[in-house]
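**Student:** Provided below: work_13.csv, containing CSV, C-alpha atoms.
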chain,number,residue,atom,x,y,z
A,1,MET,CA,-2.1,51.4,-0.1
A,2,ASN,CA,-5.4,49.7,0.4
A,3,LEU,CA,-5.7,46.6,-1.7
A,4,VAL,CA,-9.0,44.6,-2.0
A,5,ALA,CA,-9.2,41.1,-3.4
A,6,SER,CA,-10.9,40.6,-6.7
A,7,LYS,CA,-14.6,39.7,-6.6
A,8,LYS,CA,-13.7,36.2,-7.7
A,9,VAL,CA,-11.3,35.7,-4.8
A,10,GLN,CA,-13.8,37.2,-2.4
A,11,LYS,CA,-16.1,34.4,-3.3
A,12,LEU,CA,-13.6,31.8,-2.1
A,13,THR,CA,-13.7,30.6,1.4
A,14,ALA,CA,-10.6,30.3,3.6
A,15,SER,CA,-8.9,26.9,3.4
A,16,ILE,CA,-10.2,24.6,6.1
A,17,PHE,CA,-6.9,22.8,6.0
A,18,GLN,CA,-5.1,26.0,7.1
A,19,GLU,CA,-7.7,26.5,9.8
A,20,VAL,CA,-7.2,23.0,11.2
A,21,ALA,CA,-3.4,23.5,10.9
A,22,ASP,CA,-3.7,26.7,13.0
A,23,LEU,CA,-5.8,24.9,15.7
A,24,LYS,CA,-3.2,22.1,15.7
A,25,ARG,CA,-0.3,24.6,16.2
A,26,GLN,CA,-2.2,26.3,19.0
A,27,ALA,CA,-2.8,22.9,20.7
A,28,ILE,CA,0.9,22.0,20.3
A,29,ASN,CA,1.9,25.3,21.8
A,30,ARG,CA,-0.2,24.4,24.9
A,31,GLY,CA,1.9,21.3,25.2
A,32,LEU,CA,-0.6,18.8,23.6
A,33,ASP,CA,0.7,16.0,21.5
A,34,VAL,CA,-1.4,16.1,18.3
A,35,ILE,CA,-2.0,13.1,16.1
A,36,ASP,CA,-2.6,14.7,12.7
A,37,LEU,CA,-5.2,12.8,10.6
A,38,SER,CA,-6.3,15.8,8.6
A,39,VAL,CA,-4.3,16.4,5.4
A,40,GLY,CA,-3.9,13.5,3.0
A,41,SER,CA,-0.2,13.7,2.7
A,42,PRO,CA,1.4,10.2,2.6
A,43,ASP,CA,3.7,9.4,5.4
A,44,LEU,CA,5.2,6.4,3.6
A,45,PRO,CA,8.4,6.8,1.6
A,46,PRO,CA,8.6,6.6,-2.2
A,47,PRO,CA,10.3,3.6,-3.7
A,48,ALA,CA,14.1,3.6,-3.2
A,49,PHE,CA,14.8,3.2,-6.9
A,50,VAL,CA,12.7,6.3,-7.6
A,51,VAL,CA,14.7,8.3,-5.1
A,52,GLU,CA,17.9,7.0,-6.7
A,53,GLU,CA,16.8,8.1,-10.1
A,54,LEU,CA,15.9,11.6,-8.8
A,55,VAL,CA,19.3,11.9,-7.1
A,56,LYS,CA,21.2,10.7,-10.2
A,57,TYR,CA,19.6,13.2,-12.6
A,58,ALA,CA,19.6,16.0,-10.0
A,59,SER,CA,23.4,15.6,-9.6
A,60,ASN,CA,23.9,16.6,-13.2
A,61,THR,CA,23.9,20.4,-13.4
A,62,ALA,CA,23.0,20.3,-17.1
A,63,ASN,CA,19.4,19.2,-16.0
A,64,TYR,CA,18.4,22.5,-14.4
A,65,GLY,CA,17.0,24.2,-17.4
A,66,TYR,CA,13.3,24.6,-18.4
A,67,THR,CA,11.6,21.4,-19.6
A,68,LEU,CA,8.6,23.4,-21.0
A,69,LYS,CA,6.4,20.3,-21.1
A,70,GLY,CA,6.5,16.5,-20.4
A,71,ILE,CA,9.5,14.7,-21.9
A,72,PRO,CA,8.7,11.8,-24.2
A,73,GLU,CA,9.9,9.2,-21.7
A,74,PHE,CA,7.3,10.5,-19.2
A,75,HIS,CA,4.4,10.4,-21.7
A,76,GLU,CA,5.4,6.9,-22.8
A,77,ALA,CA,5.6,5.8,-19.1
A,78,VAL,CA,2.0,7.0,-18.5
A,79,SER,CA,0.8,5.1,-21.6
A,80,PHE,CA,2.7,2.0,-20.3
A,81,PHE,CA,1.2,2.3,-16.8
A,82,TYR,CA,-2.4,2.7,-18.1
A,83,LYS,CA,-1.9,-0.4,-20.3
A,84,GLN,CA,-0.4,-2.5,-17.4
A,85,ARG,CA,-2.7,-1.4,-14.6
A,86,TYR,CA,-6.1,-0.6,-16.3
A,87,ALA,CA,-5.9,-2.4,-19.7
A,88,VAL,CA,-6.3,1.0,-21.4
A,89,ASP,CA,-4.5,2.1,-24.6
A,90,ILE,CA,-3.3,5.7,-24.4
A,91,ASP,CA,-1.5,7.5,-27.2
A,92,PRO,CA,1.5,9.0,-25.5
A,93,GLU,CA,1.8,11.8,-28.0
A,94,LYS,CA,-1.9,12.9,-28.3
A,95,GLU,CA,-3.7,11.6,-25.2
A,96,VAL,CA,-1.3,12.5,-22.3
A,97,LEU,CA,-0.7,16.0,-20.8
A,98,GLN,CA,1.8,16.3,-17.9
A,99,LEU,CA,0.8,18.4,-14.9
A,100,MET,CA,2.4,19.8,-11.8
A,101,GLY,CA,0.2,17.4,-9.8
A,102,SER,CA,-3.4,16.7,-10.6
A,103,GLN,CA,-4.6,19.7,-8.6
A,104,ASP,CA,-2.7,21.9,-11.0
A,105,GLY,CA,-4.7,20.6,-13.9
A,106,LEU,CA,-8.0,20.6,-12.0
A,107,ALA,CA,-7.4,24.2,-10.8
A,108,HIS,CA,-6.8,25.5,-14.4
A,109,LEU,CA,-9.2,23.4,-16.4
A,110,ALA,CA,-12.3,25.4,-15.8
A,111,THR,CA,-10.6,28.6,-16.9
A,112,ALA,CA,-9.4,26.9,-20.0
A,113,ILE,CA,-12.7,25.3,-20.9
A,114,ILE,CA,-15.7,27.3,-19.6
A,115,ASN,CA,-17.0,30.8,-20.1
A,116,PRO,CA,-18.6,33.0,-17.5
A,117,GLY,CA,-22.2,31.8,-17.0
A,118,ASP,CA,-21.5,28.2,-18.1
A,119,TYR,CA,-22.7,25.6,-15.6
A,120,VAL,CA,-20.4,22.9,-14.2
A,121,LEU,CA,-21.8,19.9,-12.3
A,122,VAL,CA,-19.8,19.2,-9.2
A,123,PRO,CA,-20.1,16.5,-6.5
A,124,ASP,CA,-21.3,17.5,-3.0
A,125,PRO,CA,-19.4,16.5,-1.0
A,126,GLY,CA,-16.4,17.0,-3.2
A,127,TYR,CA,-12.7,18.0,-3.1
A,128,PRO,CA,-12.6,21.8,-2.6
A,129,ILE,CA,-10.6,22.6,-5.8
A,130,TYR,CA,-13.6,21.5,-7.9
A,131,GLU,CA,-15.8,24.4,-6.8
A,132,ALA,CA,-12.9,26.9,-6.4
A,133,SER,CA,-11.8,26.4,-10.0
A,134,VAL,CA,-15.2,27.1,-11.3
A,135,THR,CA,-15.7,30.1,-9.1
A,136,ILE,CA,-12.4,31.6,-10.3
A,137,ALA,CA,-13.4,30.9,-14.0
A,138,GLY,CA,-16.7,32.7,-13.5
A,139,GLY,CA,-18.7,29.6,-14.0
A,140,VAL,CA,-21.9,28.6,-12.3
A,141,LEU,CA,-21.9,25.7,-9.9
A,142,TYR,CA,-24.5,23.0,-9.8
A,143,PRO,CA,-23.7,20.7,-6.9
A,144,PHE,CA,-25.2,17.2,-7.1
A,145,ALA,CA,-25.7,15.3,-3.9
A,146,LEU,CA,-23.7,12.2,-3.1
A,147,LEU,CA,-25.8,10.4,-0.5
A,148,ALA,CA,-25.2,7.2,1.4
A,149,GLU,CA,-28.6,5.8,0.4
A,150,ASN,CA,-27.5,6.1,-3.2
A,151,ASN,CA,-24.1,4.5,-2.6
A,152,PHE,CA,-22.7,8.0,-3.0
A,153,LEU,CA,-23.5,8.0,-6.7
A,154,PRO,CA,-25.3,11.0,-8.3
A,155,ILE,CA,-28.8,10.5,-9.6
A,156,LEU,CA,-28.2,12.0,-13.1
A,157,ASP,CA,-31.9,12.1,-14.0
A,158,ASP,CA,-32.6,14.5,-11.1
A,159,ILE,CA,-30.6,17.3,-12.7
A,160,PRO,CA,-33.1,19.8,-14.3
A,161,LEU,CA,-33.1,20.0,-18.1
A,162,HIS,CA,-32.7,23.8,-18.0
A,163,ILE,CA,-29.4,23.3,-16.1
A,164,LEU,CA,-28.2,20.7,-18.5
A,165,GLU,CA,-28.9,22.9,-21.5
A,166,ASN,CA,-26.3,25.3,-20.2
A,167,THR,CA,-23.8,22.8,-18.7
A,168,LYS,CA,-20.4,22.4,-20.3
A,169,MET,CA,-18.6,20.2,-17.8
A,170,MET,CA,-19.2,17.7,-15.0
A,171,ILE,CA,-16.6,16.5,-12.4
A,172,LEU,CA,-16.6,13.0,-10.9
A,173,SER,CA,-14.2,11.1,-8.7
A,174,TYR,CA,-14.2,7.4,-8.0
A,175,PRO,CA,-12.7,6.4,-5.7
A,176,GLY,CA,-13.4,9.8,-4.3
A,177,ASN,CA,-12.2,12.4,-1.8
A,178,PRO,CA,-13.7,12.9,0.8
A,179,VAL,CA,-16.4,10.3,0.0
A,180,THR,CA,-14.4,7.1,-0.5
A,181,ALA,CA,-17.0,5.3,-2.6
A,182,LEU,CA,-16.4,3.3,-5.8
A,183,ALA,CA,-18.3,3.3,-9.1
A,184,ASP,CA,-18.9,0.3,-11.3
A,185,ARG,CA,-18.7,0.0,-15.1
A,186,CYS,CA,-22.5,0.3,-15.4
A,187,PHE,CA,-22.5,3.7,-13.8
A,188,PHE,CA,-19.7,4.9,-16.0
A,189,GLU,CA,-21.6,3.7,-19.1
A,190,LYS,CA,-24.6,5.7,-18.0
A,191,VAL,CA,-22.3,8.8,-17.5
A,192,ILE,CA,-21.0,8.4,-21.1
A,193,ASP,CA,-24.5,8.2,-22.6
A,194,PHE,CA,-25.5,11.2,-20.4
A,195,ALA,CA,-22.5,13.2,-21.5
A,196,LYS,CA,-23.0,12.4,-25.2
A,197,HIS,CA,-26.7,13.3,-25.0
A,198,HIS,CA,-26.1,16.7,-23.4
A,199,ASN,CA,-22.7,17.5,-24.9
A,200,ILE,CA,-20.9,17.7,-21.6
A,201,LEU,CA,-17.2,17.1,-20.9
A,202,VAL,CA,-16.7,14.5,-18.2
A,203,VAL,CA,-13.8,15.2,-15.9
A,204,HIS,CA,-12.8,12.1,-13.8
A,205,ASP,CA,-10.4,12.6,-10.9
A,206,PHE,CA,-8.7,9.2,-10.4
A,207,ALA,CA,-5.9,10.2,-7.9
A,208,TYR,CA,-6.6,7.3,-5.6
A,209,SER,CA,-6.6,4.7,-8.4
A,210,GLU,CA,-4.1,2.4,-6.7
A,211,LEU,CA,-5.5,2.6,-3.2
A,212,ILE,CA,-8.5,0.2,-3.6
A,213,TYR,CA,-9.1,-2.5,-0.9
A,214,ASP,CA,-10.8,-5.8,-0.3
A,215,ASN,CA,-10.1,-7.0,-3.8
A,216,HIS,CA,-12.5,-4.5,-5.4
A,217,PRO,CA,-11.6,-4.0,-9.1
A,218,GLN,CA,-9.7,-0.9,-10.3
A,219,ILE,CA,-11.9,0.7,-12.9
A,220,SER,CA,-10.5,3.6,-14.9
A,221,PHE,CA,-13.1,5.7,-16.6
A,222,MET,CA,-11.0,5.5,-19.7
A,223,SER,CA,-11.4,1.7,-19.8
A,224,VAL,CA,-15.1,2.1,-20.6
A,225,PRO,CA,-16.0,2.3,-24.4
A,226,GLY,CA,-16.8,5.9,-25.4
A,227,ALA,CA,-15.0,7.5,-22.5
A,228,LYS,CA,-12.4,9.3,-24.7
A,229,GLU,CA,-15.1,10.8,-26.8
A,230,VAL,CA,-16.5,12.7,-23.9
A,231,GLY,CA,-14.0,12.8,-21.1
A,232,ILE,CA,-10.6,13.1,-19.5
A,233,GLU,CA,-9.1,11.5,-16.4
A,234,PHE,CA,-6.7,13.1,-13.9
A,235,ASN,CA,-4.1,11.0,-12.1
A,236,SER,CA,-1.1,11.7,-9.9
A,237,LEU,CA,2.1,10.2,-8.5
A,238,SER,CA,1.4,11.9,-5.1
A,239,LYS,CA,-0.6,9.2,-3.5
A,240,THR,CA,0.3,6.2,-5.7
A,241,PHE,CA,4.1,6.6,-5.3
A,242,ASN,CA,4.3,8.9,-2.3
A,243,LEU,CA,5.8,11.8,-4.4
A,244,ALA,CA,3.4,14.4,-3.1
A,245,GLY,CA,6.1,17.1,-2.7
A,246,CYS,CA,7.5,16.5,-6.2
A,247,ARG,CA,4.3,17.9,-7.8
A,248,ILE,CA,3.9,15.8,-10.8
A,249,GLY,CA,0.8,14.3,-12.3
A,250,TYR,CA,-1.0,14.0,-15.6
A,251,VAL,CA,-4.3,13.9,-17.4
A,252,VAL,CA,-5.3,11.5,-20.2
A,253,GLY,CA,-8.1,11.1,-22.6
A,254,ASN,CA,-9.9,13.4,-25.1
A,255,GLU,CA,-7.3,15.0,-27.4
A,256,GLN,CA,-9.2,18.2,-28.0
A,257,ALA,CA,-9.7,18.9,-24.2
A,258,LEU,CA,-6.0,18.2,-23.6
A,259,ASN,CA,-4.9,20.5,-26.3
A,260,ILE,CA,-7.0,23.3,-24.8
A,261,LEU,CA,-5.7,22.8,-21.3
A,262,GLY,CA,-2.1,22.4,-22.7
A,263,THR,CA,-2.4,25.8,-24.5
A,264,PHE,CA,-3.5,27.5,-21.4
A,265,LYS,CA,-0.8,25.9,-19.3
A,266,SER,CA,1.9,26.9,-21.8
A,267,GLN,CA,1.2,30.5,-20.8
A,268,ILE,CA,1.7,30.0,-17.1
A,269,ASP,CA,4.5,27.5,-16.4
A,270,TYR,CA,7.7,26.1,-17.8
A,271,GLY,CA,7.4,22.4,-17.1
A,272,VAL,CA,8.3,20.0,-14.3
A,273,PHE,CA,12.0,19.7,-13.2
A,274,TYR,CA,13.7,17.2,-15.5
A,275,PRO,CA,15.0,14.9,-12.7
A,276,ILE,CA,11.5,14.6,-11.2
A,277,GLN,CA,10.2,13.6,-14.7
A,278,LYS,CA,12.8,10.9,-15.0
A,279,ALA,CA,12.1,9.6,-11.5
A,280,ALA,CA,8.3,9.6,-12.3
A,281,ALA,CA,8.9,7.7,-15.5
A,282,ALA,CA,10.8,5.1,-13.5
A,283,ALA,CA,8.0,4.8,-11.0
A,284,LEU,CA,5.4,4.3,-13.7
A,285,THR,CA,7.3,1.6,-15.6
A,286,LEU,CA,9.5,-0.4,-13.2
A,287,ASP,CA,8.7,-2.4,-10.0
A,288,TYR,CA,5.0,-2.3,-8.9
A,289,THR,CA,5.7,-4.3,-5.7
A,290,LEU,CA,5.2,-1.1,-3.7
A,291,LEU,CA,1.6,-0.8,-4.9
A,292,LYS,CA,0.5,-4.1,-3.5
A,293,GLU,CA,2.4,-3.5,-0.2
A,294,GLN,CA,0.9,-0.1,0.1
A,295,VAL,CA,-2.6,-1.3,-0.3
A,296,GLU,CA,-2.0,-3.9,2.4
A,297,GLU,CA,-0.6,-1.3,4.8
A,298,TYR,CA,-3.5,1.1,4.4
A,299,GLU,CA,-6.0,-1.7,4.7
A,300,PHE,CA,-4.3,-2.7,7.9
A,301,ARG,CA,-4.4,0.9,9.2
A,302,ARG,CA,-8.0,1.2,8.3
A,303,ASP,CA,-9.0,-1.9,10.1
A,304,ILE,CA,-6.9,-1.0,13.2
A,305,LEU,CA,-8.5,2.4,13.5
A,306,MET,CA,-12.0,1.1,12.8
A,307,ALA,CA,-11.7,-1.6,15.4
A,308,GLY,CA,-10.5,0.9,18.0
A,309,LEU,CA,-13.4,3.3,17.3
A,310,GLU,CA,-16.0,0.6,17.3
A,311,LYS,CA,-15.0,-0.2,20.9
A,312,SER,CA,-16.3,3.3,21.7
A,313,GLY,CA,-19.6,2.5,20.0
A,314,TRP,CA,-18.7,4.6,17.0
A,315,GLN,CA,-19.8,2.4,14.1
A,316,LEU,CA,-18.3,3.4,10.8
A,317,ALA,CA,-18.8,2.3,7.2
A,318,LYS,CA,-15.7,0.4,6.0
A,319,SER,CA,-13.9,2.5,3.4
A,320,PRO,CA,-13.4,0.5,0.2
A,321,ALA,CA,-10.6,2.8,-1.1
A,322,THR,CA,-8.4,5.9,-0.6
A,323,MET,CA,-6.4,6.9,2.4
A,324,PHE,CA,-9.4,8.2,4.3
A,325,LEU,CA,-12.4,7.2,6.3
A,326,TRP,CA,-15.6,9.2,5.6
A,327,ALA,CA,-17.1,8.9,9.1
A,328,LYS,CA,-20.6,9.9,10.1
A,329,ILE,CA,-20.2,11.6,13.5
A,330,PRO,CA,-22.2,10.8,16.7
A,331,ASP,CA,-25.4,12.7,17.2
A,332,GLY,CA,-25.4,16.1,18.9
A,333,TRP,CA,-22.5,17.7,17.1
A,334,THR,CA,-22.0,19.7,14.0
A,335,SER,CA,-19.0,18.6,11.9
A,336,ARG,CA,-17.0,21.7,12.9
A,337,GLN,CA,-17.8,21.4,16.6
A,338,PHE,CA,-16.8,17.8,16.6
A,339,ALA,CA,-13.5,18.3,14.6
A,340,PHE,CA,-12.4,21.4,16.5
A,341,GLU,CA,-13.2,20.0,20.0
A,342,LEU,CA,-11.4,16.8,19.1
A,343,ILE,CA,-8.2,18.8,18.4
A,344,ASN,CA,-8.6,20.9,21.6
A,345,HIS,CA,-9.5,18.1,24.0
A,346,ALA,CA,-8.1,14.9,22.5
A,347,GLY,CA,-5.2,16.1,20.3
A,348,VAL,CA,-6.5,14.4,17.2
A,349,ALA,CA,-6.9,16.4,14.0
A,350,VAL,CA,-9.5,15.5,11.4
A,351,ILE,CA,-11.3,17.6,8.7
A,352,PRO,CA,-15.0,18.6,9.2
A,353,GLY,CA,-17.2,17.2,6.5
A,354,ASP,CA,-19.0,20.5,5.7
A,355,ALA,CA,-15.7,21.8,4.3
A,356,PHE,CA,-16.4,19.6,1.3
A,357,GLY,CA,-20.0,20.8,0.7
A,358,LYS,CA,-23.4,21.1,2.2
A,359,GLN,CA,-23.9,17.3,2.1
A,360,GLY,CA,-20.8,16.8,4.1
A,361,GLU,CA,-22.4,18.1,7.3
A,362,GLY,CA,-22.6,15.3,9.9
A,363,TYR,CA,-19.4,13.7,8.7
A,364,VAL,CA,-15.6,14.1,9.3
A,365,ARG,CA,-12.8,12.9,7.0
A,366,ILE,CA,-10.1,10.9,8.8
A,367,ALA,CA,-6.8,10.4,7.0
A,368,LEU,CA,-4.9,7.1,7.5
A,369,VAL,CA,-1.5,8.8,7.3
A,370,GLN,CA,0.0,7.7,10.6
A,371,PRO,CA,1.6,4.4,11.6
A,372,ALA,CA,-0.8,1.8,13.1
A,373,GLU,CA,0.4,2.4,16.7
A,374,ARG,CA,-0.5,6.1,16.4
A,375,LEU,CA,-3.9,5.2,14.9
A,376,SER,CA,-4.5,3.0,17.9
A,377,GLU,CA,-3.6,5.8,20.2
A,378,ALA,CA,-5.9,8.1,18.2
A,379,ALA,CA,-8.7,5.7,18.7
A,380,ALA,CA,-8.1,5.5,22.4
A,381,ARG,CA,-8.1,9.3,22.7
A,382,ILE,CA,-11.3,9.6,20.7
A,383,HIS,CA,-12.9,6.9,23.0
A,384,GLN,CA,-12.0,9.0,26.0
A,385,PHE,CA,-13.2,12.2,24.3
A,386,LEU,CA,-16.6,10.6,23.5
A,387,VAL,CA,-16.9,9.4,27.1
A,388,GLU,CA,-16.2,12.8,28.6
A,389,TYR,CA,-17.9,15.0,26.1
A,390,ALA,CA,-20.8,13.0,24.8
A,391,ARG,CA,-23.9,15.0,23.9
I need this file expressed as structure tokens, please.
**Tutor:**
Amino acid sequence: MNLVASKKVQKLTASIFQEVADLKRQAINRGLDVIDLSVGSPDLPPPAFVVEELVKYASNTANYGYTLKGIPEFHEAVSFFYKQRYAVDIDPEKEVLQLMGSQDGLAHLATAIINPGDYVLVPDPGYPIYEASVTIAGGVLYPFALLAENNFLPILDDIPLHILENTKMMILSYPGNPVTALADRCFFEKVIDFAKHHNILVVHDFAYSELIYDNHPQISFMSVPGAKEVGIEFNSLSKTFNLAGCRIGYVVGNEQALNILGTFKSQIDYGVFYPIQKAAAAALTLDYTLLKEQVEEYEFRRDILMAGLEKSGWQLAKSPATMFLWAKIPDGWTSRQFAFELINHAGVAVIPGDAFGKQGEGYVRIALVQPAERLSEAAARIHQFLVEYAR
């Protein structure tokens, strides 16, 4: 049998995360100790009371059937969390849709919403699923540049009118991945006016909502008047509560958009495991002490790593949010050359910036997912690498 991938799949590029993982494995097989700062998978544990809730309900064999969709307690918990953390009123019955992680919803949204030939505005650099989901759906990508000189905010007026006339959706993410910038309320107000004028659905990825540093405000897109009229917002328990492997998240906002995505998802899955839903509801409604402690830990890690790298003369912009540094690399390298040589010669794994789009060339993304002492060791190795292999 000779099988050939569909034309849509042929348009997809191989996952850079898998490529880096392969290089990491090869380095380990050569006897190298690799400090993995590539994938943004939290190394911190979930709250103990969340684990206890999961174990309690998983111990009951009556809880192993299909859930089909989010249980009422979960939807109510999301509504409660949004009110407590972002001062946003969310109708738990009409304005919440449970997902198997936010990536699940982002991956399926384009297929549910757009038709072949519809334009979708996506950030460049941007998280890979944004582009991949549009490609799979047969849509047309229009990447808008996120540049340092514009504080990594898109210049909406630069998008040609003939593109906007055929645009159905735009994707934003603040704080973002890989670009860790923040947006203010003024920018979101402009986005809402822009979306209303051009009849565009705004999709805001808010997965790093609780990892914001230096006392910057947490601004949910949903907190801006008019946002529910034009948009939806994805969020997740993966980063906020360190439940990445449990695969549970949600999307809130525009009821019509949620109904469309919910109809599509009803054809492809049978809901999240009941004990995980109960544990997630507990996380969203009980003790938020972890959230403050977690921010302090990641801030500490960020500062430790940056201080170590600055000793090497590598000056980085301070990340205001997320579990990443978006780092402009030293001159003389491409992003892939720098990232791949860093694994092979220093045993430090990062992700090359061009994996996130054309505008990511010249950067690498560094994940703060190791304890402070390992980050200090990584900085020391990078220093030695820059001394030996400077171009």
**Student:** Would you list the contacts of A:Met170 as a PDB file with C-alpha atoms, in the coordinates of the input, taking every protein, DNA or RNA residue within 9 Å and counting only C-alpha atoms, but skipping same-chain residues closer than 5 positions in sequence?
**Tutor:**
ATOM      1  CA  TYR A 119     -22.700  25.600 -15.600  1.00  0.00           C
ATOM      2  CA  VAL A 120     -20.400  22.900 -14.200  1.00  0.00           C
ATOM      3  CA  LEU A 121     -21.800  19.900 -12.300  1.00  0.00           C
ATOM      4  CA  VAL A 122     -19.800  19.200  -9.200  1.00  0.00           C
ATOM      5  CA  PRO A 123     -20.100  16.500  -6.500  1.00  0.00           C
ATOM      6  CA  ALA A 195     -22.500  13.200 -21.500  1.00  0.00           C
ATOM      7  CA  ILE A 200     -20.900  17.700 -21.600  1.00  0.00           C
ATOM      8  CA  LEU A 201     -17.200  17.100 -20.900  1.00  0.00           C
ATOM      9  CA  VAL A 202     -16.700  14.500 -18.200  1.00  0.00           C
ATOM     10  CA  VAL A 203     -13.800  15.200 -15.900  1.00  0.00           C
ATOM     11  CA  HIS A 204     -12.800  12.100 -13.800  1.00  0.00           C
TER      12      HIS A 204
END
**Student:** In Å, how far is it from atom CA of A:Met222 to atom CA of A:Ala207?
**Tutor:**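 One can read the atom CA of A:Met222 to atom CA of A:Ala207 distance as 13.7 Å.
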**Student:** Check the smallest atom-to-atom distance from each of A:Asn63, A:Ala112, A:Asn151, A:Glu361 to A:Asp331 using only C-alpha atoms, then report the winner.
**Tutor:**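 Between A:Asn63, A:Ala112, A:Asn151, A:Glu361, the residue approaching A:Asp331 most closely is A:Glu361.
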**Student:** Out of A:Lys69, A:Lys83, A:His216, A:His345, which residue has the shortest atom-to-atom distance to A:Leu284 when counting only C-alpha atoms?
**Tutor:** A:Lys83
**Student:** Quick one: everything within 10 Å of stretch 140-145 of chain A, counting only C-alpha atoms, minus sequence neighbours fewer than 4 positions away in the same chain. Send it as a PyMOL selection string.
**Tutor:** chain A and resi 114-126+130-132+134-135+150+152-156+158-159+163-164+166-167+170-171+357-360
**Student:** Find the residue from A:Val78, A:Ala380, A:Val369, A:Ala283 that sits nearest to A:Ala48; use only C-alpha atoms when measuring.
**Tutor:** A:Ala283
**Student:** Could you check the closest approach to A:Leu309 for each of A:Ile382, A:Val252, A:Ile268, A:Leu325 and tell me which residue wins, using all atoms listed in the file?
**Tutor:**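 Ranked by minimum distance to A:Leu309, first place goes to A:Ile382.
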**Student:** Could you state the separation of atom CA of A:Asn242 and atom CA of A:Pro46 in Å, given to one decimal place?
**Tutor:** 4.9 Å
**Student:** Between atom CA of A:Arg374 and atom CA of A:Ala346, measure the distance and give it in Å to one decimal.
**Tutor:** 13.1 Å
**Student:** Taking all atoms listed in the file into account, which of A:Val51, A:Ile136, A:Val96, A:Leu32 comes nearest A:Leu12?
**Tutor:**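 Among the listed residues, A:Ile136 lies closest to A:Leu12.
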**Student:** Using all atoms listed in the file, which residues sit within 8 Å of A:Leu237 once same-chain residues fewer than 3 positions away are excluded, as an MDAnalysis selection string?
**Tutor:** chainID A and resid 101 240:244 248:249 280
**Student:** If we count all atoms listed in the file, what is near A:Tyr127 at a cut-off of 7 Å, once residues fewer than 6 positions away on the same chain are taken out, given as a ChimeraX atom specification?
**Tutor:** /A:177-178,356
